[in-house]
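Reviewing the structure listed below.
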Amino acid sequence: MEVLTGFLLAAFCGYAGSWYFGLIEGNFALLMLMAVVISGSYWLAEKFYFWPQRLKAVEQLDREKAKRHQELSKMGIDRVDTDTGEARDRLLMQPWWLDWTAGLFPVILVVFVLRSFLFEPFKIPSGSMIPTLWVGDLILVNKFHYGIRLPVANIKITQGTPVARGDVMVFRYPPRPSVDYIKRVVGVPGDEVAYLNKKLSINGKPVPTEALPEFFDESVMRYFKQSKEKLGDKTHNLIVDDDRPAFIPGADDFAFRDRCNYTVEGVVCKVPEGHYFMMGDNRDNSLDSRYWGFVPDANIVGRAFFVWMNFGNLGRIGSFN
């Protein structure tokens with residue numbers, strides 16, 4: 001078992017290391033599931049086999065101690081140094097290969113359940129959601145809001161709350177599902193989304209906006225035009241770059257692309273059933289549905305709702321729309 005456990009731990013470390021250095025494309029959900037299965041198997045083996053075996057060994061030691069006392073008593077020897085405390089401790093002690101597997105199972109299981117079905121932490125890597133979310137924000141994502149999904153398979157098992165316009169959603173990037181993206185829901189199934197001359201309309205109605213003071217983006221040391229926008233019953237701030245053109249350059253050949261019409265003014269798309277149209281709040285610095293298409297329901301990870309830490313700016317901690 002020591003050799004097998006050493007091989008399994010080395011395989012896990014090798015997988016994690018290769019993923020970290022970019023040699024392979026990792027899947028954390030799959031890694032966690034494997035860790036739960038393997039450590040759980042060791043935990044069951046420890047509970048029903050290895051621990052009872054160690055108890056039997058201690059009982060055998062105690063019987064031998066008692067037998068030795070009886071033999072010495074028959075010889076008239078009543079006082080003898082037969083302390084077996086250290087030997088008992090060694091027999092009861094978990095070997096390293098059980099300590100690093102069965103011993104970690106409860107912790108791994110709790111993390112797996114929390115991350116898979118309740119809340120998952122993410123780090124914002126880019127400025128596509130500025131001014132709502134900044135680079136370096138550590139956020140929490142509600143995994144059950146849109147319905148609980150089986151880990152790895154991502155199959156929905158509860159209905160949950162329907163996706164609404166204005167939600168900030170984490171999803172699997174359609175061109176590369178192993179990568180998680182975060183954007184705002186702009187269009188739900190059946191909507192006609194028009195983004196023309198940097199003005200957003202839903203089903204022919206302009207989305208209400210209100211001009212705000214300019215936003216200073218510290219990451220690029222520039223001021224941008226800022227507005228307050230209302231999508232559904234949610235209001236949020238957004239920024240636009242007047243120096244960028246309105247047309248969408250380099251849009252991919254994605255599924256249902258025939259539902260989108262690109263012009264020099266921008267794009268108009270009809271959202272298909274079971275899909276969503278996503279945009280970043282940093283409208284001219286966001287790779288979103290305008291470029292790579294619609295997000296299928298199967299790609300949904302959860303609804304982002306809280307910044308729990310930003311080590312460069314503690315004032316960022318709190319909820320957001």
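Identifiers in this document derive from the order of the structure tokens: chains are assigned A, B, ..., residues are numbered from 1 separately in each chain, and ligands are numbered from 1 in order of occurrence.
Once stretch 25-28 of chain A and its same-chain neighbours fewer than 5 positions away are set aside, Tyr15, Ala16, Gly17, Ser18, Trp19, Tyr20, Leu33, Met34, Val152, Ser178 and Val179 of chain A remain within 10 Å of it when counting only C-alpha atoms.
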Selected residue of minimal separation from A:Ala164 among A:Met129, A:Ala102, A:Leu231, A:Met309, counting only C-alpha atoms: A:Leu231
Members of stretch 217-270 of chain A assigned strand (DSSP E or B) by DSSP, as a VMD selection string: chain A and resid 217 222 to 231 234 to 240 260 to 263 266 to 270
Nearby residues (only C-alpha atoms) at most 8 Å from A:Phe122, same-chain spacing under 3 positions excluded, as JSON, numbers by chain: {"A": [138, 139, 140, 141]}
Produce a file of the selected residues containing N, CA, C and O atoms, as an mmCIF file, in the first residue's frame.
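See again32.cif below for the written result:
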data_model
loop_
_atom_site.group_PDB
_atom_site.id
_atom_site.type_symbol
_atom_site.label_atom_id
_atom_site.label_comp_id
_atom_site.auth_asym_id
_atom_site.auth_seq_id
_atom_site.Cartn_x
_atom_site.Cartn_y
_atom_site.Cartn_z
ATOM 1 N N LEU A 138 -11.228 39.061 -5.468
ATOM 2 C CA LEU A 138 -11.529 37.658 -5.178
ATOM 3 C C LEU A 138 -13.016 37.584 -4.874
ATOM 4 O O LEU A 138 -13.492 38.201 -3.909
ATOM 5 N N ILE A 139 -13.747 36.859 -5.694
ATOM 6 C CA ILE A 139 -15.202 36.872 -5.611
ATOM 7 C C ILE A 139 -15.751 35.506 -5.218
ATOM 8 O O ILE A 139 -15.076 34.482 -5.341
ATOM 9 N N LEU A 140 -16.995 35.518 -4.743
ATOM 10 C CA LEU A 140 -17.726 34.287 -4.471
ATOM 11 C C LEU A 140 -18.823 34.125 -5.506
ATOM 12 O O LEU A 140 -19.482 35.097 -5.894
ATOM 13 N N VAL A 141 -19.021 32.876 -5.933
ATOM 14 C CA VAL A 141 -20.050 32.556 -6.922
ATOM 15 C C VAL A 141 -21.042 31.587 -6.292
ATOM 16 O O VAL A 141 -20.653 30.558 -5.736
#
